[in-house]
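Undergrad: Below you'll find model27.txt; it's compact mmCIF, C-alpha atoms.
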# COMPACT_ATOMS: atom_id res chain seq x y z
CA MET Q 1 -116.91 1.03 89.55
CA GLU Q 2 -119.51 0.72 86.77
CA SER Q 3 -120.87 4.08 85.63
CA LYS Q 4 -124.59 4.73 85.93
CA ARG Q 5 -126.39 4.07 82.67
CA ILE Q 6 -129.38 6.17 81.66
CA ALA Q 7 -131.82 6.64 78.79
CA THR Q 8 -133.16 10.12 78.10
CA LEU Q 9 -136.80 10.66 77.14
CA THR Q 10 -137.45 13.96 75.35
CA MET Q 11 -141.02 15.20 74.87
CA ASP Q 12 -142.18 17.19 71.84
CA ASP Q 13 -142.61 20.23 74.11
CA GLY Q 14 -138.91 20.18 74.94
CA ARG Q 15 -139.17 18.64 78.40
CA SER Q 16 -136.89 15.69 79.06
CA ILE Q 17 -136.17 13.23 81.81
CA GLU Q 18 -133.47 10.70 82.57
CA LEU Q 19 -134.53 7.07 83.10
CA PRO Q 20 -132.04 4.75 84.84
CA ILE Q 21 -131.19 1.50 83.05
CA LEU Q 22 -131.19 -1.46 85.46
CA SER Q 23 -129.46 -4.80 84.86
CA GLY Q 24 -130.38 -8.12 86.40
CA THR Q 25 -128.05 -11.09 86.83
CA LEU Q 26 -129.66 -12.63 83.72
CA GLY Q 27 -132.06 -11.36 81.09
CA PRO Q 28 -132.57 -8.05 79.27
CA ASP Q 29 -131.92 -4.63 80.79
CA VAL Q 30 -134.90 -2.78 82.23
CA LEU Q 31 -135.83 0.91 82.11
CA ASP Q 32 -136.77 2.31 85.53
CA LEU Q 33 -139.84 4.40 84.71
CA ARG Q 34 -140.68 5.63 88.18
CA ASN Q 35 -139.41 9.16 87.36
CA LEU Q 36 -142.05 9.56 84.66
CA ALA Q 37 -144.43 10.80 87.35
CA LYS Q 38 -142.38 14.00 87.50
CA LEU Q 39 -143.63 14.78 83.99
CA GLY Q 40 -147.18 13.78 84.84
CA LEU Q 41 -146.84 10.71 82.59
CA PHE Q 42 -147.15 6.95 82.93
CA THR Q 43 -146.86 4.08 80.45
CA TYR Q 44 -149.51 2.15 78.55
CA ASP Q 45 -148.70 -1.57 78.38
CA PRO Q 46 -151.80 -3.81 78.15
CA ALA Q 47 -151.26 -7.25 79.75
CA PHE Q 48 -147.79 -6.08 80.89
CA PHE Q 49 -146.06 -7.40 77.76
CA SER Q 50 -143.08 -5.10 78.31
CA THR Q 51 -143.29 -4.28 82.01
CA ALA Q 52 -141.41 -5.81 84.94
CA SER Q 53 -143.88 -5.57 87.83
CA CYS Q 54 -141.32 -6.58 90.45
CA SER Q 55 -137.78 -7.77 91.07
CA SER Q 56 -137.30 -11.39 92.06
CA LYS Q 57 -134.56 -13.94 92.78
CA ILE Q 58 -136.72 -17.05 92.37
CA THR Q 59 -137.26 -18.04 88.73
CA PHE Q 60 -135.64 -17.03 85.45
CA ILE Q 61 -137.02 -17.69 81.97
CA ASP Q 62 -135.34 -16.98 78.63
CA GLY Q 63 -138.09 -17.70 76.13
CA ASP Q 64 -135.88 -17.25 73.07
CA ALA Q 65 -133.25 -19.70 74.31
CA GLY Q 66 -135.79 -22.08 75.90
CA LEU Q 67 -134.38 -21.80 79.43
CA LEU Q 68 -136.11 -22.18 82.79
CA TYR Q 69 -134.12 -21.90 86.03
CA TYR Q 70 -135.29 -22.26 89.63
CA ARG Q 71 -132.88 -20.24 91.80
CA GLY Q 72 -130.28 -20.71 89.04
CA TYR Q 73 -130.74 -24.48 88.60
CA PRO Q 74 -131.90 -25.65 85.12
CA ILE Q 75 -135.32 -27.30 85.24
CA GLU Q 76 -134.01 -30.36 83.35
CA GLN Q 77 -131.47 -31.09 86.10
CA LEU Q 78 -134.03 -30.70 88.87
CA ALA Q 79 -136.58 -32.90 87.08
CA GLU Q 80 -133.98 -35.63 86.58
CA LYS Q 81 -132.07 -35.55 89.87
CA SER Q 82 -134.27 -33.91 92.50
CA ASP Q 83 -137.65 -34.59 94.07
CA PHE Q 84 -140.53 -32.22 94.65
CA LEU Q 85 -139.98 -31.45 98.33
CA GLU Q 86 -136.32 -30.68 97.70
CA VAL Q 87 -137.40 -28.28 94.94
CA CYS Q 88 -139.93 -26.76 97.35
CA TYR Q 89 -137.17 -26.12 99.90
CA LEU Q 90 -135.04 -24.56 97.15
CA LEU Q 91 -137.80 -22.20 95.97
CA LEU Q 92 -138.74 -21.19 99.50
CA ASN Q 93 -135.23 -20.77 100.94
CA GLY Q 94 -132.98 -20.00 98.00
CA GLU Q 95 -130.58 -22.93 98.38
CA LEU Q 96 -130.72 -26.72 98.11
CA PRO Q 97 -131.00 -28.28 101.58
CA THR Q 98 -128.26 -30.10 103.44
CA PRO Q 99 -129.12 -33.69 104.43
CA THR Q 100 -130.14 -32.49 107.91
CA GLN Q 101 -132.25 -29.62 106.56
CA GLN Q 102 -133.87 -31.95 104.05
CA ALA Q 103 -134.81 -34.51 106.73
CA GLU Q 104 -136.22 -31.82 109.02
CA PHE Q 105 -138.21 -30.22 106.19
CA ARG Q 106 -139.70 -33.54 105.06
CA GLU Q 107 -140.75 -34.41 108.60
CA LEU Q 108 -142.25 -30.96 109.11
CA ILE Q 109 -144.35 -31.08 105.92
CA THR Q 110 -145.39 -34.70 106.52
CA HIS Q 111 -146.73 -33.86 109.98
CA HIS Q 112 -148.72 -30.90 108.66
CA THR Q 113 -150.72 -32.86 106.05
CA MET Q 114 -153.78 -33.40 108.24
CA VAL Q 115 -156.47 -30.70 108.02
CA HIS Q 116 -158.75 -29.54 110.83
CA ASP Q 117 -161.60 -32.03 111.16
CA GLN Q 118 -164.23 -29.30 110.90
CA LEU Q 119 -162.86 -28.34 107.50
CA ALA Q 120 -164.26 -31.60 106.13
CA ARG Q 121 -167.76 -30.28 106.81
CA PHE Q 122 -167.20 -27.45 104.34
CA PHE Q 123 -167.50 -29.91 101.49
CA ASN Q 124 -171.12 -30.65 102.32
CA GLY Q 125 -171.97 -27.09 101.32
CA PHE Q 126 -170.98 -27.79 97.70
CA ARG Q 127 -172.97 -29.74 95.15
CA ARG Q 128 -171.41 -33.10 94.33
CA ASP Q 129 -171.06 -32.07 90.69
CA ALA Q 130 -169.35 -28.75 91.46
CA HIS Q 131 -166.17 -28.21 89.50
CA PRO Q 132 -163.19 -29.21 91.67
CA MET Q 133 -161.55 -25.82 91.11
CA ALA Q 134 -164.61 -24.06 92.55
CA VAL Q 135 -164.28 -26.21 95.67
CA MET Q 136 -160.54 -25.54 95.87
CA VAL Q 137 -161.02 -21.77 95.78
CA GLY Q 138 -163.53 -21.95 98.62
CA VAL Q 139 -161.81 -24.46 100.90
CA VAL Q 140 -158.25 -23.11 100.53
CA GLY Q 141 -159.54 -19.60 101.20
CA ALA Q 142 -161.27 -20.91 104.34
CA LEU Q 143 -157.97 -22.14 105.83
CA SER Q 144 -157.44 -18.67 107.31
CA ALA Q 145 -160.47 -19.26 109.52
CA PHE Q 146 -158.84 -22.37 111.00
CA TYR Q 147 -155.18 -21.38 111.18
CA HIS Q 148 -155.39 -17.77 112.30
CA ASP Q 149 -152.57 -18.21 114.81
CA SER Q 150 -149.97 -17.45 112.12
CA LEU Q 151 -151.46 -14.61 110.08
CA ASP Q 152 -149.14 -11.76 111.07
CA ILE Q 153 -147.56 -11.29 107.66
CA ASN Q 154 -144.90 -8.97 109.10
CA ASN Q 155 -143.62 -11.80 111.29
CA PRO Q 156 -141.15 -14.02 109.33
CA GLU Q 157 -141.90 -16.98 111.60
CA HIS Q 158 -145.65 -16.67 110.93
CA ARG Q 159 -145.01 -16.48 107.19
CA GLU Q 160 -142.88 -19.63 107.36
CA ILE Q 161 -145.55 -21.54 109.33
CA SER Q 162 -148.27 -20.50 106.86
CA ALA Q 163 -146.06 -21.51 103.92
CA HIS Q 164 -145.50 -24.95 105.43
CA ARG Q 165 -149.20 -25.38 106.16
CA LEU Q 166 -150.20 -24.50 102.61
CA LEU Q 167 -147.59 -26.79 101.08
CA ALA Q 168 -148.69 -29.67 103.31
CA LYS Q 169 -152.47 -29.23 103.29
CA VAL Q 170 -153.30 -28.30 99.68
CA PRO Q 171 -152.67 -31.92 98.46
CA THR Q 172 -155.00 -33.20 101.19
CA ILE Q 173 -157.69 -30.71 100.18
CA ALA Q 174 -157.19 -31.55 96.50
CA ALA Q 175 -157.64 -35.28 97.16
CA MET Q 176 -160.69 -34.59 99.35
CA THR Q 177 -162.16 -32.52 96.51
CA HIS Q 178 -161.80 -35.49 94.16
CA LYS Q 179 -163.28 -37.97 96.64
CA TYR Q 180 -166.24 -35.68 97.34
CA ASN Q 181 -166.86 -35.27 93.61
CA ILE Q 182 -167.01 -39.04 92.96
CA GLY Q 183 -168.88 -39.90 96.17
CA GLU Q 184 -166.15 -41.85 97.92
CA PRO Q 185 -165.10 -41.40 101.58
CA PHE Q 186 -162.18 -39.13 102.38
CA VAL Q 187 -158.85 -40.92 102.78
CA TYR Q 188 -156.58 -39.41 105.42
CA PRO Q 189 -152.82 -39.04 104.87
CA LYS Q 190 -150.28 -41.57 106.12
CA ASN Q 191 -146.92 -40.43 107.43
CA LYS Q 192 -145.13 -43.50 106.05
CA PHE Q 193 -145.55 -42.16 102.50
CA ASN Q 194 -143.52 -39.41 100.88
CA TYR Q 195 -145.25 -36.26 99.59
CA VAL Q 196 -146.31 -37.52 96.15
CA GLU Q 197 -147.07 -41.06 97.35
CA ASN Q 198 -149.30 -39.59 100.02
CA PHE Q 199 -151.26 -37.56 97.49
CA MET Q 200 -151.77 -40.58 95.23
CA TYR Q 201 -152.81 -42.64 98.24
CA MET Q 202 -155.42 -40.05 99.25
CA MET Q 203 -156.62 -39.80 95.63
CA PHE Q 204 -156.91 -43.47 94.74
CA ALA Q 205 -157.14 -45.58 97.93
CA THR Q 206 -160.41 -46.87 99.35
CA PRO Q 207 -161.16 -48.47 102.74
CA ALA Q 208 -161.94 -51.72 100.94
CA GLU Q 209 -158.39 -52.68 99.97
CA GLU Q 210 -154.72 -51.93 100.47
CA TYR Q 211 -153.16 -49.31 98.19
CA VAL Q 212 -149.54 -49.62 97.08
CA PRO Q 213 -148.17 -46.64 95.08
CA ASN Q 214 -146.52 -47.56 91.78
CA PRO Q 215 -142.99 -46.02 91.87
CA VAL Q 216 -142.97 -45.27 88.13
CA LEU Q 217 -146.26 -43.38 88.36
CA VAL Q 218 -145.11 -41.64 91.54
CA ARG Q 219 -141.97 -40.46 89.77
CA ALA Q 220 -144.03 -39.25 86.79
CA LEU Q 221 -146.30 -37.18 89.01
CA GLU Q 222 -143.25 -35.95 90.91
CA ARG Q 223 -141.87 -34.57 87.64
CA ILE Q 224 -145.18 -32.91 86.80
CA PHE Q 225 -145.12 -31.19 90.18
CA ILE Q 226 -141.50 -30.06 89.69
CA LEU Q 227 -142.11 -28.77 86.16
CA HIS Q 228 -145.11 -26.72 87.32
CA ALA Q 229 -143.77 -25.50 90.67
CA ASP Q 230 -143.09 -21.95 89.48
CA HIS Q 231 -143.01 -20.01 86.23
CA GLU Q 232 -142.02 -16.44 87.00
CA GLN Q 233 -144.66 -13.65 86.85
CA ASN Q 234 -147.51 -15.48 85.11
CA ALA Q 235 -151.17 -14.49 85.54
CA SER Q 236 -151.85 -16.48 88.73
CA THR Q 237 -148.53 -15.58 90.38
CA SER Q 238 -149.08 -11.90 89.58
CA THR Q 239 -152.56 -12.25 91.09
CA VAL Q 240 -151.10 -13.71 94.29
CA ARG Q 241 -148.57 -10.88 94.49
CA LEU Q 242 -151.20 -8.21 93.83
CA ALA Q 243 -153.54 -9.65 96.47
CA GLY Q 244 -150.64 -9.97 98.88
CA SER Q 245 -149.56 -6.37 98.31
CA SER Q 246 -152.71 -5.25 100.13
CA GLY Q 247 -151.69 -7.17 103.24
CA ALA Q 248 -154.15 -10.03 102.65
CA ASN Q 249 -153.38 -13.28 104.47
CA PRO Q 250 -151.49 -15.99 102.54
CA PHE Q 251 -154.44 -18.39 102.40
CA ALA Q 252 -156.60 -15.75 100.73
CA CYS Q 253 -153.75 -14.87 98.36
CA VAL Q 254 -153.28 -18.49 97.27
CA ALA Q 255 -157.05 -18.85 96.81
CA SER Q 256 -156.88 -15.84 94.46
CA GLY Q 257 -154.09 -17.59 92.56
CA ILE Q 258 -156.22 -20.73 92.23
CA ALA Q 259 -159.07 -18.61 90.83
CA ALA Q 260 -156.75 -17.03 88.24
CA LEU Q 261 -155.31 -20.42 87.30
CA TRP Q 262 -158.82 -21.73 86.67
CA GLY Q 263 -159.03 -19.71 83.45
CA PRO Q 264 -158.76 -21.87 80.32
CA ALA Q 265 -156.05 -19.62 78.89
CA HIS Q 266 -153.84 -20.38 81.90
CA GLY Q 267 -154.31 -23.64 83.79
CA GLY Q 268 -156.61 -25.42 81.36
CA ALA Q 269 -154.16 -25.82 78.49
CA ASN Q 270 -153.37 -29.53 79.03
CA GLU Q 271 -157.08 -30.35 79.14
CA ALA Q 272 -157.56 -28.43 75.88
CA ALA Q 273 -154.66 -30.30 74.24
CA LEU Q 274 -156.13 -33.64 75.28
CA LYS Q 275 -159.55 -32.65 73.96
CA MET Q 276 -157.96 -31.67 70.63
CA LEU Q 277 -156.34 -35.10 70.28
CA GLU Q 278 -159.67 -36.76 71.03
CA GLU Q 279 -161.33 -34.61 68.36
CA ILE Q 280 -158.69 -35.59 65.75
CA GLY Q 281 -159.55 -39.16 66.66
CA ASP Q 282 -157.12 -41.12 64.47
CA VAL Q 283 -153.58 -40.85 63.10
CA SER Q 284 -155.01 -40.85 59.58
CA HIS Q 285 -156.70 -37.49 60.26
CA VAL Q 286 -153.58 -35.64 61.40
CA LYS Q 287 -152.56 -34.14 58.05
CA GLU Q 288 -156.11 -32.97 57.43
CA TYR Q 289 -156.22 -31.35 60.89
CA VAL Q 290 -152.84 -29.65 60.41
CA GLN Q 291 -154.06 -28.19 57.12
CA GLY Q 292 -157.19 -27.03 58.94
CA VAL Q 293 -155.00 -25.23 61.46
CA LYS Q 294 -153.17 -23.44 58.64
CA ASP Q 295 -156.54 -22.54 57.08
CA LYS Q 296 -157.62 -21.08 60.45
CA LYS Q 297 -160.41 -23.68 60.80
CA TYR Q 298 -158.92 -25.27 63.95
CA LYS Q 299 -156.63 -24.27 66.79
CA LEU Q 300 -153.45 -26.19 67.51
CA MET Q 301 -153.50 -26.69 71.27
CA GLY Q 302 -150.35 -27.55 73.23
CA PHE Q 303 -148.04 -25.82 70.73
CA GLY Q 304 -146.36 -22.48 71.24
CA HIS Q 305 -146.20 -20.46 74.45
CA ARG Q 306 -146.66 -16.86 75.53
CA VAL Q 307 -143.08 -16.82 76.84
CA TYR Q 308 -141.16 -19.56 74.99
CA LYS Q 309 -140.24 -18.74 71.39
CA ASN Q 310 -138.16 -21.90 71.23
CA MET Q 311 -138.72 -25.38 72.67
CA ASP Q 312 -140.37 -25.37 76.11
CA PRO Q 313 -137.59 -26.94 78.24
CA ARG Q 314 -140.25 -28.78 80.25
CA ALA Q 315 -141.69 -30.48 77.17
CA SER Q 316 -138.79 -32.87 76.53
CA VAL Q 317 -138.93 -34.04 80.17
CA MET Q 318 -142.67 -34.61 79.88
CA ARG Q 319 -142.27 -36.41 76.55
CA GLN Q 320 -139.84 -38.92 78.10
CA THR Q 321 -142.16 -39.32 81.08
CA CYS Q 322 -144.95 -40.22 78.66
CA TYR Q 323 -142.90 -43.12 77.32
CA GLU Q 324 -142.04 -44.35 80.82
CA VAL Q 325 -145.64 -44.25 82.10
CA LEU Q 326 -147.19 -45.86 79.04
CA LYS Q 327 -144.54 -48.61 79.06
CA GLU Q 328 -145.12 -49.30 82.76
CA LEU Q 329 -148.88 -49.55 82.22
CA LYS Q 330 -148.38 -51.58 79.02
CA LEU Q 331 -150.05 -48.82 77.01
CA GLU Q 332 -147.23 -48.34 74.50
CA ASN Q 333 -149.83 -48.44 71.73
CA ASN Q 334 -151.89 -45.75 73.44
CA LYS Q 335 -153.99 -44.13 70.72
CA LEU Q 336 -153.70 -40.60 72.07
CA PHE Q 337 -149.93 -40.85 72.42
CA GLU Q 338 -149.55 -42.19 68.89
CA LEU Q 339 -151.70 -39.29 67.72
CA ALA Q 340 -149.57 -36.84 69.67
CA MET Q 341 -146.34 -38.19 68.18
CA GLU Q 342 -147.71 -38.02 64.64
CA LEU Q 343 -149.05 -34.50 65.19
CA GLU Q 344 -145.71 -33.41 66.63
CA LYS Q 345 -143.80 -34.95 63.69
CA THR Q 346 -146.10 -33.41 61.08
CA ALA Q 347 -146.14 -29.95 62.65
CA LEU Q 348 -142.39 -29.78 63.26
CA SER Q 349 -141.64 -30.63 59.63
CA ASP Q 350 -144.05 -28.01 58.23
CA PRO Q 351 -142.56 -24.58 57.34
CA TYR Q 352 -145.78 -22.90 58.53
CA PHE Q 353 -145.16 -23.97 62.14
CA ILE Q 354 -141.35 -23.72 61.95
CA GLU Q 355 -141.51 -20.08 60.81
CA ARG Q 356 -143.93 -19.24 63.63
CA LYS Q 357 -141.81 -21.15 66.18
CA LEU Q 358 -144.76 -23.25 67.27
CA TYR Q 359 -143.11 -26.06 69.23
CA PRO Q 360 -144.81 -28.51 71.61
CA ASN Q 361 -145.09 -27.21 75.17
CA VAL Q 362 -145.40 -29.09 78.46
CA ASP Q 363 -149.21 -29.16 78.24
CA PHE Q 364 -149.07 -31.16 75.00
CA TYR Q 365 -147.82 -34.22 76.92
CA SER Q 366 -148.91 -33.72 80.53
CA GLY Q 367 -152.58 -34.40 79.83
CA ILE Q 368 -151.73 -37.82 78.40
CA VAL Q 369 -149.61 -38.65 81.45
CA LEU Q 370 -152.27 -37.50 83.91
CA ARG Q 371 -154.95 -39.49 82.07
CA ALA Q 372 -152.76 -42.62 82.13
CA ILE Q 373 -152.07 -42.23 85.86
CA GLY Q 374 -155.81 -42.12 86.48
CA ILE Q 375 -156.36 -38.42 87.15
CA PRO Q 376 -159.79 -37.41 85.78
CA THR Q 377 -159.87 -34.50 83.35
CA ASN Q 378 -161.74 -32.19 85.74
CA MET Q 379 -158.84 -32.56 88.20
CA PHE Q 380 -156.09 -31.54 85.75
CA THR Q 381 -156.09 -27.88 86.80
CA VAL Q 382 -156.26 -28.90 90.47
CA ILE Q 383 -153.01 -30.83 89.96
CA PHE Q 384 -151.52 -27.67 88.44
CA ALA Q 385 -152.70 -25.62 91.46
CA LEU Q 386 -151.25 -28.17 93.88
CA ALA Q 387 -147.85 -28.01 92.16
CA ARG Q 388 -147.88 -24.22 91.81
CA THR Q 389 -148.74 -23.58 95.48
CA ILE Q 390 -145.05 -23.60 96.43
CA GLY Q 391 -144.29 -21.04 93.71
CA TRP Q 392 -147.13 -18.78 94.85
CA VAL Q 393 -146.05 -19.00 98.48
CA SER Q 394 -142.38 -18.37 97.64
CA GLN Q 395 -143.23 -15.35 95.49
CA TRP Q 396 -145.64 -13.98 98.13
CA ASN Q 397 -143.05 -14.43 100.87
CA GLU Q 398 -140.35 -12.72 98.81
CA MET Q 399 -142.62 -9.74 98.16
CA ILE Q 400 -143.67 -9.30 101.81
CA ALA Q 401 -140.04 -9.55 102.97
CA ASP Q 402 -139.05 -6.74 100.58
CA ALA Q 403 -138.94 -3.54 102.64
CA ASP Q 404 -139.79 -1.48 99.53
CA HIS Q 405 -142.98 -3.32 98.60
CA LYS Q 406 -146.12 -1.22 98.16
CA ILE Q 407 -149.75 -1.99 97.42
CA GLY Q 408 -150.19 -2.71 93.71
CA ARG Q 409 -152.00 0.03 91.83
CA PRO Q 410 -151.87 -0.19 88.00
CA ARG Q 411 -152.83 2.92 86.05
CA GLN Q 412 -155.19 3.15 83.09
CA LEU Q 413 -155.70 5.02 79.82
CA TYR Q 414 -159.14 6.55 80.30
CA LEU Q 415 -161.30 6.61 77.14
CA GLY Q 416 -164.68 7.40 78.68
CA GLU Q 417 -166.79 10.57 78.65
CA LYS Q 418 -165.38 13.91 79.73
CA LYS Q 419 -167.06 15.83 82.55
CA ARG Q 420 -170.79 16.34 82.01
CA ASP Q 421 -173.59 17.62 84.20
CA TYR Q 422 -176.35 15.49 85.66
CA VAL Q 423 -179.73 15.75 83.90
CA PRO Q 424 -182.88 15.09 85.99
CA ILE Q 425 -184.84 12.10 84.79
CA LYS Q 426 -187.83 14.18 83.64
CA LYS Q 427 -185.61 16.13 81.24
CA ARG Q 428 -183.91 13.11 79.60
Would you kindly transcribe this structure into structure tokens?
TA:
Amino acid sequence: MESKRIATLTMDDGRSIELPILSGTLGPDVLDLRNLAKLGLFTYDPAFFSTASCSSKITFIDGDAGLLYYRGYPIEQLAEKSDFLEVCYLLLNGELPTPTQQAEFRELITHHTMVHDQLARFFNGFRRDAHPMAVMVGVVGALSAFYHDSLDINNPEHREISAHRLLAKVPTIAAMTHKYNIGEPFVYPKNKFNYVENFMYMMFATPAEEYVPNPVLVRALERIFILHADHEQNASTSTVRLAGSSGANPFACVASGIAALWGPAHGGANEAALKMLEEIGDVSHVKEYVQGVKDKKYKLMGFGHRVYKNMDPRASVMRQTCYEVLKELKLENNKLFELAMELEKTALSDPYFIERKLYPNVDFYSGIVLRAIGIPTNMFTVIFALARTIGWVSQWNEMIADADHKIGRPRQLYLGEKKRDYVPIKKR
């Protein structure tokens, strides 16, 4: 039997306390700081750089080694061999499905893709030029008003139904958001299509002509969904968990995640990388731009990552997908892709970037792929939200099912005024 490991914290006044050392199945050991309250202390860790806010069995990241696992499966294997709905089943249930489970799950999600007809009227309350993410926050949050028959979060069956509804209906809402924005009629889902085909059909079809999904583009978008399905305790996932800790319904929790994802520092990175390439403009300007980055005149978007201090394991998958999509669309000489390749080559051979471990991340390539597929720039973050919905739901469900979960309540280091007495306005 393994002996209990502890760390001892000794204060300058002689008081001390033992802090248990916890080990996960992978990753660094963790100090259990809950006993600090006995000393009247708590920790100060802005942005939670060194704090585990929860325990989880869903996703593992090793930023130094460049690893990303969903339920223990490397992301590269899932992106190559799996499809999105199979990955969704894995994240939600912990294991890959059997053929029977897979067929039942696909049929279940497919037959949940329709949204309540009255929900379509919500869109008329938004301006046509509203940002799609603003519409997503509002409409997804409103789902609880239509599907309130499964909102008992303490009932595992209700949680499962809500998870399936969110997974099935968010793509429909996302496509409706796009159609409303461009002034085209809504296109309703068709059960003959698979999950990704159905989304592309609702995004790009019109009543005027038949729409046939391109399998190469479908597979590319499938990979984007898989690569973005979950990413441990990032800002939006932590937001979903924090909202859920209060007992809020899952639709409201996912809407809070969409709002957090909307921030340019989180979900807008691929749009920023694409904008950077457009600003560089030509391959001949790459060296000048790279020097400008080193001189702090410009920012290098799509390189480096808050977590990954090595290559982002998703980036190589996305890079290959770029080649496949551009070849299929006969865009091999795509100007932005040529720029991206030259920028990547220049940066990765420069000691400045090598020493700082600034490698291309998934966002560096995904914007090019989305643009080539036909997704407008203002929908990039919506695509991210669509893919991440399964991660949010899985993390929320795991938290609610944990008998020890409590409402989130971070502490603070107060730096304001000490106690002072009120002064009547005539004496100020």
Undergrad: Could you check which residues have any atom within 12 Å of (-131.0, -21.1, 75.0), counting only C-alpha atoms with coordinates taken straight from the file, and then list them as a PyMOL selection string?
TA: chain Q and resi 27+61-69+74+308-313
Undergrad: At what distance in Å, to one decimal, does CA of Ala269 in chain Q lie from CA of Gly72 in chain Q?
TA: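 Spanning CA of Gly72 in chain Q to CA of Ala269 in chain Q is a straight-line distance of 26.6 Å.
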Undergrad: So which residues touch range 403-408 of chain Q within 8 Å, counting all atoms listed in the file, skipping near sequence neighbours fewer than 4 positions away, as a PyMOL selection string?
TA: chain Q and resi 242+245-246+399
Undergrad: Which residue is closest to Val362 in chain Q? Choose from Q:Asn214, Q:Asn378, Q:Thr321, Q:Ser349 and count all atoms listed in the file.
TA: Q:Thr321
Undergrad: For Pro215 in chain Q, which of Q:Glu328, Q:Gln102, Q:Phe353, Q:Ala52 is the closest residue, counting all atoms listed in the file?
TA: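 Checking each candidate against Pro215 in chain Q, we get Q:Glu328 as the closest.
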Undergrad: Name the residues in contact with Gly281 in chain Q at a cut-off of 12 Å, using all atoms listed in the file, excluding same-chain residues fewer than 6 positions from it; report them as a PyMOL selection string.
TA: chain Q and resi 274-275+288-289+335-340+343
Undergrad: Which residues are near range 383-391 of chain Q? Cut-off 6 Å, only C-alpha atoms, ignore same chain within fewer than 2 positions. Put them as a PDB file with C-alpha atoms, in the coordinates of the input.
TA:
ATOM      1  CA  PHE Q 225    -145.120 -31.190  90.180  1.00  0.00           C
ATOM      2  CA  HIS Q 228    -145.110 -26.720  87.320  1.00  0.00           C
ATOM      3  CA  ALA Q 229    -143.770 -25.500  90.670  1.00  0.00           C
ATOM      4  CA  ASP Q 230    -143.090 -21.950  89.480  1.00  0.00           C
ATOM      5  CA  PHE Q 380    -156.090 -31.540  85.750  1.00  0.00           C
ATOM      6  CA  THR Q 381    -156.090 -27.880  86.800  1.00  0.00           C
ATOM      7  CA  VAL Q 393    -146.050 -19.000  98.480  1.00  0.00           C
ATOM      8  CA  SER Q 394    -142.380 -18.370  97.640  1.00  0.00           C
TER       9      SER Q 394
END
Undergrad: Using only C-alpha atoms, can you tell me which of Q:Val307, Q:Val254, Q:Val283, Q:Val218 comes closest to Val325 in chain Q?
TA: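 Using only C-alpha atoms, Val325 in chain Q sits closest to Q:Val218.
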Undergrad: What lies within 12 Å of Ala205 in chain Q using all atoms listed in the file, ignoring chain neighbours under 2 positions off, as number ranges by chain?
TA: Q: 175-176, 178-179, 184-190, 197-203, 207-213
Undergrad: Residues at most 12 Å from Gly244 in chain Q, counting all atoms listed in the file, excluding those fewer than 6 positions away in the same chain, as number ranges by chain?
TA: Q: 153-154, 159, 237-238, 250-257, 392-401, 405-408
Undergrad: To one decimal in Å, tell me the separation between CA of Thr113 in chain Q and CA of Val170 in chain Q.
TA: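 Between these atoms lies a distance of 8.2 Å.
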